[in-house]
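Student: final03.cif is reproduced below (mmCIF, C-alpha atoms).
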data_my_file
#
loop_
_atom_site.label_atom_id
_atom_site.label_comp_id
_atom_site.auth_asym_id
_atom_site.auth_seq_id
_atom_site.Cartn_x
_atom_site.Cartn_y
_atom_site.Cartn_z
CA MET A 1 18.36 -69.52 -35.52
CA GLN A 2 15.90 -66.58 -35.57
CA LEU A 3 13.01 -68.86 -36.55
CA TRP A 4 13.98 -71.28 -33.78
CA HIS A 5 13.88 -68.52 -31.14
CA LEU A 6 10.55 -67.20 -32.45
CA ALA A 7 8.99 -70.64 -32.26
CA ARG A 8 10.49 -71.59 -28.90
CA ASN A 9 10.53 -68.34 -26.88
CA PRO A 10 10.58 -64.97 -28.69
CA ILE A 11 11.91 -62.97 -25.72
CA GLU A 12 15.19 -64.89 -26.04
CA SER A 13 15.77 -63.34 -29.49
CA TRP A 14 16.73 -59.93 -28.04
CA ALA A 15 20.42 -58.97 -27.92
CA ASN A 16 22.19 -56.51 -25.60
CA VAL A 17 21.85 -53.73 -28.17
CA HIS A 18 18.06 -53.85 -27.88
CA TYR A 19 18.31 -53.05 -24.16
CA GLU A 20 20.79 -50.22 -24.77
CA GLU A 21 19.64 -48.43 -27.96
CA LEU A 22 16.24 -46.76 -28.20
CA ILE A 23 15.72 -47.66 -31.89
CA VAL A 24 17.35 -50.56 -33.70
CA ALA A 25 16.56 -50.90 -37.41
CA GLY A 26 17.71 -53.04 -40.27
CA PRO A 27 16.97 -55.87 -42.68
CA SER A 28 16.46 -59.48 -41.68
CA MET A 29 15.52 -62.69 -43.43
CA LEU A 30 11.90 -61.76 -42.68
CA GLY A 31 11.99 -58.19 -44.02
CA HIS A 32 12.88 -54.74 -42.67
CA PHE A 33 12.38 -54.45 -38.91
CA VAL A 34 12.43 -51.43 -36.60
CA VAL A 35 12.59 -52.25 -32.89
CA VAL A 36 11.35 -49.19 -31.03
CA SER A 37 11.88 -48.38 -27.34
CA ASP A 38 11.97 -44.60 -27.68
CA PRO A 39 8.86 -43.17 -25.97
CA ALA A 40 8.51 -40.31 -28.49
CA ALA A 41 8.68 -42.73 -31.42
CA ILE A 42 6.19 -45.07 -29.72
CA ARG A 43 3.83 -42.13 -29.32
CA ARG A 44 4.08 -41.48 -33.06
CA VAL A 45 3.36 -45.12 -33.95
CA PHE A 46 0.44 -45.59 -31.57
CA VAL A 47 -1.10 -42.10 -31.49
CA GLU A 48 0.20 -39.32 -33.71
CA ASN A 49 0.41 -41.35 -36.93
CA SER A 50 -1.49 -44.47 -35.90
CA ALA A 51 -3.40 -44.59 -39.21
CA ASN A 52 -0.10 -45.45 -40.91
CA TYR A 53 0.60 -48.41 -38.65
CA GLU A 54 -1.72 -51.40 -38.71
CA LYS A 55 -1.30 -54.78 -37.06
CA ASP A 56 1.11 -56.77 -39.18
CA PRO A 57 0.02 -59.91 -41.07
CA LEU A 58 1.96 -62.35 -38.85
CA GLN A 59 0.34 -61.01 -35.69
CA MET A 60 -3.10 -61.19 -37.28
CA ARG A 61 -2.54 -64.79 -38.41
CA VAL A 62 -1.55 -65.80 -34.89
CA LEU A 63 -4.50 -63.99 -33.27
CA ARG A 64 -7.06 -65.37 -35.71
CA SER A 65 -5.77 -68.92 -35.37
CA GLY A 66 -7.42 -69.40 -31.99
CA ALA A 67 -10.87 -68.01 -32.73
CA PRO A 68 -13.72 -70.50 -32.40
CA GLU A 69 -14.58 -72.25 -35.65
CA GLY A 70 -17.29 -70.39 -37.55
CA SER A 71 -17.04 -67.24 -35.44
CA GLY A 72 -16.63 -63.69 -36.69
CA GLU A 73 -13.92 -61.18 -35.87
CA GLY A 74 -13.27 -60.29 -32.25
CA LEU A 75 -11.84 -57.02 -31.00
CA LEU A 76 -8.29 -58.42 -30.98
CA SER A 77 -8.27 -59.56 -34.58
CA ALA A 78 -10.61 -57.10 -36.30
CA SER A 79 -9.15 -54.27 -38.36
CA GLY A 80 -10.27 -51.16 -40.22
CA ASP A 81 -13.92 -50.17 -40.07
CA ALA A 82 -14.90 -53.52 -38.56
CA TRP A 83 -12.61 -52.85 -35.59
CA LYS A 84 -13.92 -49.29 -35.15
CA ARG A 85 -17.52 -50.53 -35.12
CA THR A 86 -16.72 -53.31 -32.62
CA ARG A 87 -14.79 -50.95 -30.37
CA ARG A 88 -17.68 -48.44 -30.33
CA THR A 89 -20.12 -51.25 -29.58
CA LEU A 90 -18.13 -52.76 -26.72
CA SER A 91 -16.89 -49.60 -24.99
CA PRO A 92 -20.07 -49.10 -22.89
CA LEU A 93 -19.50 -52.55 -21.35
CA PHE A 94 -16.37 -51.33 -19.55
CA THR A 95 -17.28 -47.94 -18.10
CA PRO A 96 -15.96 -47.33 -14.55
CA ARG A 97 -19.49 -47.59 -13.15
CA ARG A 98 -20.13 -50.96 -14.76
CA VAL A 99 -16.72 -52.32 -13.79
CA GLY A 100 -17.25 -51.13 -10.21
CA ALA A 101 -20.45 -53.15 -10.04
CA PHE A 102 -18.37 -56.33 -10.42
CA ALA A 103 -16.06 -55.56 -7.47
CA GLN A 104 -18.11 -57.47 -4.92
CA ILE A 105 -18.06 -60.61 -7.09
CA MET A 106 -14.28 -60.26 -7.41
CA LYS A 107 -13.97 -60.06 -3.63
CA ILE A 108 -16.20 -63.09 -2.97
CA LYS A 109 -14.38 -65.30 -5.46
CA SER A 110 -10.93 -64.22 -4.23
CA GLU A 111 -11.84 -64.83 -0.60
CA ALA A 112 -13.14 -68.30 -1.44
CA ARG A 113 -9.85 -69.22 -3.11
CA VAL A 114 -7.83 -68.03 -0.09
CA GLU A 115 -10.16 -69.93 2.25
CA ALA A 116 -9.30 -73.11 0.33
CA TRP A 117 -5.58 -72.41 0.82
CA LEU A 118 -6.04 -72.05 4.55
CA LYS A 119 -7.35 -75.61 4.79
CA ARG A 120 -3.83 -76.81 4.02
CA ARG A 121 -1.09 -77.14 6.62
CA PRO A 122 0.92 -73.97 7.41
CA GLY A 123 3.87 -73.64 5.06
CA ALA A 124 2.25 -75.77 2.35
CA ILE A 125 3.35 -75.17 -1.23
CA VAL A 126 0.81 -73.60 -3.58
CA GLU A 127 1.35 -73.21 -7.33
CA VAL A 128 0.16 -69.63 -7.51
CA ASP A 129 0.22 -69.44 -11.31
CA ARG A 130 -2.45 -72.15 -11.47
CA GLU A 131 -4.32 -70.69 -8.51
CA MET A 132 -4.54 -67.28 -10.16
CA ILE A 133 -5.84 -68.91 -13.33
CA ARG A 134 -8.55 -70.53 -11.23
CA VAL A 135 -9.56 -67.40 -9.31
CA THR A 136 -9.70 -65.24 -12.44
CA LEU A 137 -11.71 -67.98 -14.16
CA ASP A 138 -14.10 -67.98 -11.18
CA ILE A 139 -14.46 -64.22 -11.55
CA LEU A 140 -14.88 -64.50 -15.31
CA SER A 141 -17.53 -67.19 -14.96
CA SER A 142 -19.56 -64.94 -12.67
CA THR A 143 -19.13 -61.63 -14.47
CA LEU A 144 -19.39 -63.02 -17.99
CA PHE A 145 -21.75 -65.98 -17.65
CA SER A 146 -23.36 -65.63 -14.18
CA ASP A 147 -21.79 -69.00 -13.24
CA ALA A 148 -23.42 -70.86 -16.13
CA LEU A 149 -20.12 -72.76 -16.48
CA ASP A 150 -20.29 -74.28 -13.00
CA ASP A 151 -21.45 -77.69 -14.29
CA ASP A 152 -18.25 -78.10 -16.32
CA ARG A 153 -15.67 -75.75 -14.79
CA PRO A 154 -12.77 -78.26 -14.93
CA GLY A 155 -13.51 -79.07 -18.57
CA PHE A 156 -13.67 -75.39 -19.51
CA GLU A 157 -10.34 -74.66 -17.80
CA ARG A 158 -8.68 -77.66 -19.42
CA GLU A 159 -9.82 -76.90 -22.97
CA MET A 160 -9.09 -73.17 -22.73
CA MET A 161 -5.54 -73.84 -21.50
CA LYS A 162 -4.95 -76.22 -24.41
CA LEU A 163 -6.24 -73.64 -26.86
CA LEU A 164 -4.30 -70.71 -25.43
CA ASP A 165 -1.10 -72.73 -25.28
CA SER A 166 -1.36 -73.81 -28.90
CA ILE A 167 -2.16 -70.46 -30.47
CA GLY A 168 0.52 -68.69 -28.45
CA ARG A 169 3.30 -70.56 -30.24
CA ILE A 170 4.54 -68.90 -33.42
CA ASP A 171 4.66 -71.49 -36.16
CA PRO A 172 7.56 -71.12 -38.63
CA LEU A 173 5.06 -71.60 -41.47
CA ASP A 174 3.24 -68.46 -40.31
CA VAL A 175 6.50 -66.53 -40.14
CA LEU A 176 7.24 -67.58 -43.73
CA ASN A 177 3.66 -66.74 -44.80
CA ALA A 178 3.16 -70.26 -46.13
CA PRO A 179 -0.25 -71.07 -47.69
CA ALA A 180 -3.06 -71.48 -45.19
CA TRP A 181 -3.79 -75.03 -46.40
CA LEU A 182 -0.43 -76.26 -45.07
CA PRO A 183 -1.15 -77.72 -41.61
CA ARG A 184 0.31 -76.05 -38.53
CA LEU A 185 1.13 -78.65 -35.89
CA ASN A 186 0.03 -76.68 -32.84
CA ARG A 187 -3.17 -75.58 -34.54
CA THR A 188 -3.95 -79.15 -35.51
CA ARG A 189 -3.50 -80.21 -31.89
CA ALA A 190 -5.91 -77.48 -30.78
CA LYS A 191 -8.62 -78.35 -33.30
CA ALA A 192 -10.69 -80.29 -30.77
CA SER A 193 -10.42 -77.46 -28.23
CA ARG A 194 -11.52 -74.89 -30.82
CA GLN A 195 -14.51 -77.05 -31.68
CA TRP A 196 -15.31 -77.52 -28.00
CA PHE A 197 -15.18 -73.78 -27.35
CA ALA A 198 -17.32 -73.06 -30.42
CA ALA A 199 -19.96 -75.54 -29.27
CA THR A 200 -19.89 -74.20 -25.70
CA SER A 201 -20.21 -70.60 -26.90
CA ASP A 202 -23.12 -71.47 -29.18
CA ARG A 203 -24.86 -73.27 -26.32
CA LEU A 204 -24.42 -70.40 -23.85
CA ILE A 205 -25.51 -67.79 -26.41
CA ALA A 206 -28.59 -69.81 -27.36
CA GLN A 207 -29.56 -70.32 -23.71
CA ARG A 208 -29.14 -66.66 -22.88
CA THR A 209 -31.00 -65.49 -26.00
CA ALA A 210 -33.92 -67.70 -24.99
CA GLU A 211 -33.86 -66.31 -21.43
CA MET A 212 -33.88 -62.75 -22.74
CA ALA A 213 -36.89 -63.49 -24.94
CA ARG A 214 -38.75 -65.39 -22.22
CA ALA A 215 -38.14 -63.14 -19.21
CA PRO A 216 -36.19 -60.00 -20.12
CA ASP A 217 -36.64 -58.50 -16.65
CA ARG A 218 -35.05 -61.54 -14.97
CA THR A 219 -32.14 -62.01 -17.35
CA PRO A 220 -28.73 -61.95 -15.56
CA ASP A 221 -27.07 -58.56 -15.85
CA ASP A 222 -23.67 -59.90 -16.86
CA LEU A 223 -21.28 -59.30 -19.75
CA LEU A 224 -22.88 -61.95 -21.96
CA THR A 225 -26.25 -60.23 -21.72
CA ALA A 226 -24.54 -56.91 -22.36
CA LEU A 227 -22.82 -58.35 -25.45
CA LEU A 228 -26.11 -59.62 -26.84
CA ARG A 229 -27.84 -56.30 -26.20
CA ALA A 230 -24.98 -54.09 -27.35
CA SER A 231 -25.31 -51.97 -30.46
CA ASP A 232 -23.13 -49.52 -32.32
CA PRO A 233 -24.09 -46.05 -31.01
CA GLU A 234 -23.63 -44.60 -34.50
CA THR A 235 -25.69 -47.12 -36.49
CA GLY A 236 -27.77 -48.98 -33.92
CA VAL A 237 -26.58 -52.30 -35.38
CA GLY A 238 -25.80 -55.07 -32.91
CA LEU A 239 -23.26 -57.90 -33.05
CA THR A 240 -23.88 -61.08 -35.00
CA GLN A 241 -23.83 -64.38 -33.11
CA GLY A 242 -20.42 -65.09 -34.65
CA GLU A 243 -19.08 -61.74 -33.42
CA VAL A 244 -20.49 -62.40 -29.94
CA ALA A 245 -18.69 -65.77 -29.88
CA ALA A 246 -15.44 -64.18 -31.11
CA ASN A 247 -15.59 -61.52 -28.42
CA LEU A 248 -16.32 -64.07 -25.72
CA PHE A 249 -13.03 -65.65 -26.73
CA THR A 250 -11.39 -62.20 -26.71
CA PHE A 251 -12.57 -61.52 -23.17
CA ILE A 252 -11.16 -64.85 -22.04
CA ALA A 253 -7.85 -64.73 -23.92
CA ALA A 254 -7.16 -61.02 -23.43
CA GLY A 255 -8.85 -60.64 -20.05
CA HIS A 256 -8.77 -63.73 -17.90
CA GLU A 257 -5.45 -65.05 -19.26
CA THR A 258 -3.50 -61.77 -19.06
CA THR A 259 -4.66 -60.87 -15.55
CA ALA A 260 -4.07 -64.38 -14.26
CA ARG A 261 -0.50 -64.41 -15.57
CA ALA A 262 0.24 -60.94 -14.20
CA LEU A 263 -1.08 -61.94 -10.77
CA GLY A 264 1.01 -65.11 -10.76
CA TRP A 265 4.18 -63.10 -11.42
CA THR A 266 3.13 -60.55 -8.77
CA LEU A 267 2.86 -63.24 -6.10
CA HIS A 268 6.23 -64.66 -7.15
CA LEU A 269 7.88 -61.26 -6.73
CA LEU A 270 6.11 -60.55 -3.43
CA SER A 271 7.21 -63.91 -2.00
CA HIS A 272 10.73 -62.43 -2.10
CA ALA A 273 9.65 -59.02 -0.72
CA PRO A 274 8.15 -59.37 2.79
CA GLU A 275 8.27 -55.60 3.36
CA TRP A 276 5.94 -55.02 0.41
CA GLN A 277 3.68 -57.85 1.52
CA ALA A 278 3.33 -56.01 4.83
CA ARG A 279 2.41 -52.78 3.06
CA VAL A 280 -0.23 -54.52 0.98
CA ARG A 281 -1.60 -56.23 4.10
CA ASP A 282 -1.80 -52.94 5.97
CA GLU A 283 -3.78 -51.36 3.13
CA ALA A 284 -6.06 -54.39 2.88
CA LEU A 285 -6.85 -54.37 6.59
CA ASN A 286 -7.73 -50.67 6.44
CA ALA A 287 -9.59 -50.73 3.11
CA PRO A 288 -13.04 -49.15 2.66
CA ASP A 289 -16.05 -51.43 2.96
CA ASP A 290 -16.92 -51.22 -0.73
CA PRO A 291 -14.31 -53.09 -2.83
CA ALA A 292 -15.19 -50.83 -5.77
CA ASP A 293 -13.23 -48.14 -3.89
CA TRP A 294 -10.11 -50.25 -3.33
CA LEU A 295 -8.34 -49.38 -6.56
CA ASP A 296 -8.12 -45.71 -5.57
CA ALA A 297 -7.64 -46.35 -1.85
CA MET A 298 -4.71 -48.80 -2.07
CA PRO A 299 -1.74 -47.09 -3.78
CA ALA A 300 0.91 -49.54 -2.53
CA THR A 301 -1.08 -52.55 -3.74
CA ARG A 302 -1.55 -50.93 -7.12
CA ALA A 303 2.15 -50.01 -7.26
CA VAL A 304 3.13 -53.62 -6.57
CA PHE A 305 0.97 -54.85 -9.44
CA ASP A 306 2.23 -52.09 -11.77
CA GLU A 307 5.84 -52.99 -11.02
CA ALA A 308 5.14 -56.69 -11.57
CA MET A 309 3.69 -55.84 -14.98
CA ARG A 310 6.79 -53.78 -15.72
CA LEU A 311 9.09 -56.75 -15.11
CA PHE A 312 6.71 -59.37 -16.50
CA PRO A 313 4.35 -57.60 -18.91
CA PRO A 314 1.45 -59.93 -19.74
CA VAL A 315 1.59 -58.80 -23.38
CA ALA A 316 5.35 -58.69 -23.94
CA HIS A 317 5.37 -58.06 -27.70
CA MET A 318 3.36 -55.80 -30.02
CA SER A 319 3.98 -55.14 -33.69
CA ARG A 320 2.70 -52.96 -36.51
CA MET A 321 3.36 -52.64 -40.24
CA ALA A 322 4.05 -49.26 -41.85
CA LEU A 323 1.66 -48.66 -44.74
CA GLU A 324 3.64 -45.69 -46.05
CA PRO A 325 7.21 -44.43 -45.47
CA ASP A 326 7.73 -42.49 -42.25
CA ARG A 327 10.43 -41.34 -39.86
CA LEU A 328 10.81 -42.28 -36.22
CA GLY A 329 13.27 -39.81 -34.78
CA ASP A 330 16.33 -39.95 -37.01
CA VAL A 331 15.44 -43.37 -38.43
CA ALA A 332 13.83 -43.74 -41.85
CA VAL A 333 10.97 -46.25 -41.94
CA PRO A 334 10.33 -47.73 -45.40
CA ALA A 335 6.83 -48.83 -46.33
CA LYS A 336 6.04 -52.41 -45.29
CA SER A 337 8.53 -52.24 -42.40
CA VAL A 338 7.51 -54.18 -39.33
CA ILE A 339 7.62 -52.00 -36.21
CA ILE A 340 8.18 -53.93 -32.99
CA VAL A 341 7.29 -52.39 -29.65
CA ALA A 342 8.15 -55.00 -27.04
CA PRO A 343 7.14 -54.13 -23.48
CA TRP A 344 9.58 -56.83 -22.33
CA LEU A 345 12.39 -54.65 -23.78
CA LEU A 346 10.82 -51.28 -23.10
CA HIS A 347 10.19 -51.99 -19.42
CA ARG A 348 13.75 -53.26 -18.87
CA HIS A 349 15.57 -50.71 -21.04
CA LYS A 350 18.76 -49.41 -19.49
CA ARG A 351 18.21 -45.85 -20.73
CA LEU A 352 14.66 -45.59 -19.39
CA TRP A 353 14.76 -47.23 -15.96
CA LYS A 354 17.05 -47.08 -12.95
CA GLN A 355 18.01 -50.63 -11.94
CA PRO A 356 15.72 -52.04 -14.62
CA GLY A 357 15.94 -55.64 -13.40
CA ALA A 358 15.08 -54.85 -9.77
CA PHE A 359 11.62 -55.16 -8.19
CA MET A 360 11.00 -51.61 -6.94
CA PRO A 361 7.29 -50.81 -6.53
CA GLU A 362 8.22 -47.38 -5.17
CA ARG A 363 8.57 -46.34 -8.83
CA PHE A 364 4.78 -46.37 -9.05
CA MET A 365 3.87 -44.74 -5.74
CA PRO A 366 2.17 -41.32 -5.90
CA GLY A 367 4.72 -38.62 -6.62
CA ALA A 368 7.03 -41.00 -8.45
CA ARG A 369 4.66 -42.56 -10.99
CA GLU A 370 3.89 -39.14 -12.46
CA THR A 371 7.53 -38.89 -13.62
CA ILE A 372 7.25 -42.01 -15.82
CA ASP A 373 6.74 -41.21 -19.50
CA ARG A 374 3.33 -42.45 -20.66
CA PHE A 375 4.98 -44.29 -23.54
CA ALA A 376 7.77 -45.89 -21.50
CA TYR A 377 5.30 -48.16 -19.71
CA LEU A 378 2.73 -50.06 -21.78
CA PRO A 379 1.15 -52.94 -19.87
CA PHE A 380 -2.17 -52.25 -21.63
CA GLY A 381 -0.86 -50.79 -24.88
CA ALA A 382 -1.62 -47.24 -26.00
CA GLY A 383 -3.55 -45.23 -28.55
CA PRO A 384 -6.84 -46.26 -30.17
CA ARG A 385 -6.15 -49.96 -29.49
CA VAL A 386 -5.39 -49.51 -25.79
CA CYS A 387 -6.85 -52.41 -23.81
CA ILE A 388 -10.59 -51.90 -23.41
CA GLY A 389 -10.62 -53.89 -20.17
CA ALA A 390 -7.70 -52.17 -18.39
CA THR A 391 -9.85 -50.81 -15.55
CA PHE A 392 -11.49 -54.23 -15.06
CA ALA A 393 -8.06 -55.88 -14.88
CA MET A 394 -6.62 -53.35 -12.42
CA GLN A 395 -9.64 -53.57 -10.14
CA GLU A 396 -9.61 -57.37 -10.27
CA ALA A 397 -5.90 -57.49 -9.43
CA VAL A 398 -6.08 -55.07 -6.51
CA VAL A 399 -9.11 -56.85 -5.04
CA ALA A 400 -7.46 -60.27 -5.38
CA LEU A 401 -4.18 -59.11 -3.82
CA ALA A 402 -5.99 -57.46 -0.93
CA CYS A 403 -8.01 -60.61 -0.21
CA ILE A 404 -4.88 -62.76 -0.34
CA PHE A 405 -2.66 -60.70 1.96
CA ARG A 406 -5.36 -60.08 4.53
CA ARG A 407 -5.15 -63.76 5.35
CA VAL A 408 -1.76 -65.15 4.32
CA ARG A 409 1.88 -64.29 3.77
CA LEU A 410 4.08 -65.92 1.16
CA SER A 411 7.66 -67.13 1.16
CA PRO A 412 9.69 -68.47 -1.78
CA VAL A 413 10.49 -72.11 -2.43
CA ARG A 414 14.25 -72.34 -2.17
CA GLY A 415 16.13 -72.93 -5.40
CA VAL A 416 13.14 -72.21 -7.68
CA GLU A 417 13.30 -69.34 -10.18
CA PRO A 418 10.50 -69.49 -12.78
CA ARG A 419 11.58 -68.98 -16.37
CA PRO A 420 9.33 -66.70 -18.43
CA VAL A 421 8.28 -67.80 -21.90
CA LEU A 422 6.22 -65.82 -24.37
CA ARG A 423 3.19 -67.39 -25.93
CA ILE A 424 0.23 -65.00 -26.38
CA THR A 425 1.00 -63.92 -22.83
CA LEU A 426 4.15 -64.07 -20.72
CA ARG A 427 3.87 -67.22 -18.64
CA PRO A 428 6.18 -69.44 -16.58
CA GLU A 429 7.69 -72.38 -18.42
CA ASP A 430 6.76 -74.67 -15.53
CA ARG A 431 5.02 -73.58 -12.32
CA ILE A 432 5.41 -70.82 -9.72
CA PRO A 433 5.42 -72.55 -6.32
CA VAL A 434 5.41 -70.55 -3.07
CA HIS A 435 4.94 -71.41 0.60
CA ILE A 436 1.76 -70.04 2.21
CA HIS A 437 1.51 -69.11 5.90
CA PRO A 438 -1.60 -67.92 7.76
CA VAL A 439 -1.37 -64.54 9.43
#
Kindly present the structure from the file in structure tokens form.
Tutor:
Amino acid sequence: MQLWHLARNPIESWANVHYEELIVAGPSMLGHFVVVSDPAAIRRVFVENSANYEKDPLQMRVLRSGAPEGSGEGLLSASGDAWKRTRRTLSPLFTPRRVGAFAQIMKIKSEARVEAWLKRRPGAIVEVDREMIRVTLDILSSTLFSDALDDDRPGFEREMMKLLDSIGRIDPLDVLNAPAWLPRLNRTRAKASRQWFAATSDRLIAQRTAEMARAPDRTPDDLLTALLRASDPETGVGLTQGEVAANLFTFIAAGHETTARALGWTLHLLSHAPEWQARVRDEALNAPDDPADWLDAMPATRAVFDEAMRLFPPVAHMSRMALEPDRLGDVAVPAKSVIIVAPWLLHRHKRLWKQPGAFMPERFMPGARETIDRFAYLPFGAGPRVCIGATFAMQEAVVALACIFRRVRLSPVRGVEPRPVLRITLRPEDRIPVHIHPV
């Protein structure tokens, strides 16, 4: 039964005790597990004793399964010294100044998507989960590739969705640590998509490398160029072509996909909350001219997105393996234990949140958000492996929401309640349809 839940939808494996107790530990058919929702214990795992807790083998097998064929290690799947070197190399790509420079592109792409909605009849149904995938892909194409994907945008979207869907499913053979030569059905189905992405990455890298050699002063100043020019500040060594390709996939899987899913859930929740739509609209209509300033100037919009990520965290499950024995509070942790920190549980825990199942953005408004324990809310993780692109994602989300609610309001489609399923990200099982109305 446990294997069936893991393969079908891991968030359905949690019992009432996991929402009521801060630490639940014990043996299972898969080894010793410790499910941790205690903020102090999470701080120990992710910060105070992080060297003792590395990504567990199952998680690494799942993450590595989607990498382009022939690529190196990306930031998500690298470990040890290789991860430290990659993190040092990539950090300068996501400074607040550099992220702010992309705000205008985010605004243009978001406005274009809303303009397309307004060509439909008032009250038309829009599948906002798909629409958010498209707008974040538009933004990604511009900020990462300077729109070099425009000739085959539909093909890129189609193949990436196939790949992300396949690698997000936990195969029972991976859970059982079966030999790598045994075929995994979902991975076999994604083989063509992995090959397609590998070929596309190689083509884009080769084209950009040639541009940089031919006319360095006219090379697009996007994330691909930054990746190719990046070097470890300690050693001066840059990334190999395989590592560039792996990190392109990381930016797409951990950036575009997570933000798109979080925005889709945000619009679903707002379709049921007209009062919060009005607050977002009011902020959007009075926003500063420069969209790079919107993240700081729009607290209600940010609070709405934060609360959506509390209820529907894009990364709903994280796990580590204890290298040596430890203690988390009063609980002994044997070596080789798997530590599970599940934001899906943490963010809905009855001992940490008032009305945990309710959509209440006021939790994250100034004055209230400061009372939330740093380790009770983990939409971007914590510690050394905290999401490198968190500021990019928050800016992108606030800009997109502002552009949407300046022009439209949303209402729910009666009788539809999307069911969340966990793959790599938390996504709807089907679609998230809403009615759109011009304002």
Student: Between A:Arg261, A:Arg88, A:Arg406, A:Arg374, which has the minimum distance to Pro428 (chain A) (counting only C-alpha atoms)?
Tutor: A:Arg261
Student: Using the chain letters and residue numbers of this document, give as a VMD selection string the residues selected by the PyMOL selection byres ((chain A and resi 239-244) around 10).
Tutor: chain A and resid 68 to 75 85 to 86 89 to 90 198 201 to 202 205 to 206 224 227 to 232 237 to 238 245 to 250
Student: Identify all residues satisfying the PyMOL selection byres ((chain A and resi 275) around 12) in the given file; provide them as a ChimeraX atom specification.
Tutor: /A:269-274,276-282,300,304,360-362,409-411
Student: Quick one: which residues end up in the PyMOL selection byres ((chain A and resi 363) around 12) for this structure, as a ChimeraX atom specification?
Tutor: /A:299-300,302-308,310,353-356,358-362,364-373,377
Student: Would you save the residues of that selection, restricted to C-alpha atoms, as an mmCIF file, keeping the file's coordinate frame?
Tutor:
data_model
loop_
_atom_site.group_PDB
_atom_site.id
_atom_site.type_symbol
_atom_site.label_atom_id
_atom_site.label_comp_id
_atom_site.auth_asym_id
_atom_site.auth_seq_id
_atom_site.Cartn_x
_atom_site.Cartn_y
_atom_site.Cartn_z
ATOM 1 C CA PRO A 299 -1.740 -47.090 -3.780
ATOM 2 C CA ALA A 300 0.910 -49.540 -2.530
ATOM 3 C CA ARG A 302 -1.550 -50.930 -7.120
ATOM 4 C CA ALA A 303 2.150 -50.010 -7.260
ATOM 5 C CA VAL A 304 3.130 -53.620 -6.570
ATOM 6 C CA PHE A 305 0.970 -54.850 -9.440
ATOM 7 C CA ASP A 306 2.230 -52.090 -11.770
ATOM 8 C CA GLU A 307 5.840 -52.990 -11.020
ATOM 9 C CA ALA A 308 5.140 -56.690 -11.570
ATOM 10 C CA ARG A 310 6.790 -53.780 -15.720
ATOM 11 C CA TRP A 353 14.760 -47.230 -15.960
ATOM 12 C CA LYS A 354 17.050 -47.080 -12.950
ATOM 13 C CA GLN A 355 18.010 -50.630 -11.940
ATOM 14 C CA PRO A 356 15.720 -52.040 -14.620
ATOM 15 C CA ALA A 358 15.080 -54.850 -9.770
ATOM 16 C CA PHE A 359 11.620 -55.160 -8.190
ATOM 17 C CA MET A 360 11.000 -51.610 -6.940
ATOM 18 C CA PRO A 361 7.290 -50.810 -6.530
ATOM 19 C CA GLU A 362 8.220 -47.380 -5.170
ATOM 20 C CA PHE A 364 4.780 -46.370 -9.050
ATOM 21 C CA MET A 365 3.870 -44.740 -5.740
ATOM 22 C CA PRO A 366 2.170 -41.320 -5.900
ATOM 23 C CA GLY A 367 4.720 -38.620 -6.620
ATOM 24 C CA ALA A 368 7.030 -41.000 -8.450
ATOM 25 C CA ARG A 369 4.660 -42.560 -10.990
ATOM 26 C CA GLU A 370 3.890 -39.140 -12.460
ATOM 27 C CA THR A 371 7.530 -38.890 -13.620
ATOM 28 C CA ILE A 372 7.250 -42.010 -15.820
ATOM 29 C CA ASP A 373 6.740 -41.210 -19.500
ATOM 30 C CA TYR A 377 5.300 -48.160 -19.710
#
Student: Pro314 (chain A): which residues within 9 Å, counting only C-alpha atoms, same-chain residues fewer than 3 positions away excluded, as a list of chain:residue names?
Tutor: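 Here the qualifying residues turn out to be A:Glu257, A:Thr258, A:Thr259, A:Ala260, A:Arg261, A:Ala262, A:Met309, A:Pro343, A:Pro379, A:Phe380, A:Leu422, A:Ile424, A:Thr425, A:Leu426, A:Arg427.
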Student: Which is closest to Val408 (chain A) among A:Ala40, A:Ala215, A:Leu118, A:Leu311, if we use all atoms listed in the file?
Tutor: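 Ranking A:Ala40, A:Ala215, A:Leu118, A:Leu311 by distance to Val408 (chain A), first place goes to A:Leu118.
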Student: Which of these, A:Ala253, A:Ile108, A:Ala390, A:Leu267, has the shortest distance to Leu163 (chain A) once you count only C-alpha atoms?
Tutor: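 Of the candidates, the smallest distance to Leu163 (chain A) is held by A:Ala253.
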Student: So which residues touch Asp330 (chain A) within 12 Å, counting only C-alpha atoms, skipping near sequence neighbours fewer than 5 positions away, as a PyMOL selection string?
Tutor: chain A and resi 22-25+38+40-41
Student: Of the candidates A:Leu164, A:Ile125, A:Val341, A:Ala210, which shows the shortest atom-to-atom distance to Ser193 (chain A), using all atoms listed in the file?
Tutor: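 The shortest atom-to-atom distance to Ser193 (chain A) comes from A:Leu164.
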Student: Enter the distance from CA of Ala199 (chain A) to CA of Pro220 (chain A), in Å, rounded to one decimal.
Tutor: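 That distance, rounded to one decimal, is 21.2 Å.
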Student: CA of His435 (chain A) to CA of Ala316 (chain A): how many Å, to one decimal?
Tutor: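 Pair CA of His435 (chain A) / CA of Ala316 (chain A) returns 27.6 Å.
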Student: Would you please work out which residue, of A:Leu223, A:Ala297, A:Ala15, A:Met321, is nearest to Glu54 (chain A) when using only C-alpha atoms?
Tutor: A:Met321
Student: How many Å lie between CA of Glu157 (chain A) and CA of Glu211 (chain A), rounded to one decimal?
Tutor: 25.2 Å
Student: Can you pull out the residues contacting Asp138 (chain A)? Cut-off 12 Å, using only C-alpha atoms, and skip same-chain residues under 5 positions away; I want them as a list in words.
Tutor: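 Close residues of Asp138 (chain A): Ile105, Met106, Lys107, Ile108, Lys109, Ser110, Glu111, Ala112, Arg113, Glu131, Met132, Ile133, Thr143, Leu144, Phe145, Ser146, Asp147, Ala148, Leu149, Asp150, Arg153, Pro154, Phe156, Glu157, Ile252, His256, Ala260, Glu396 and Ala400 of chain A.
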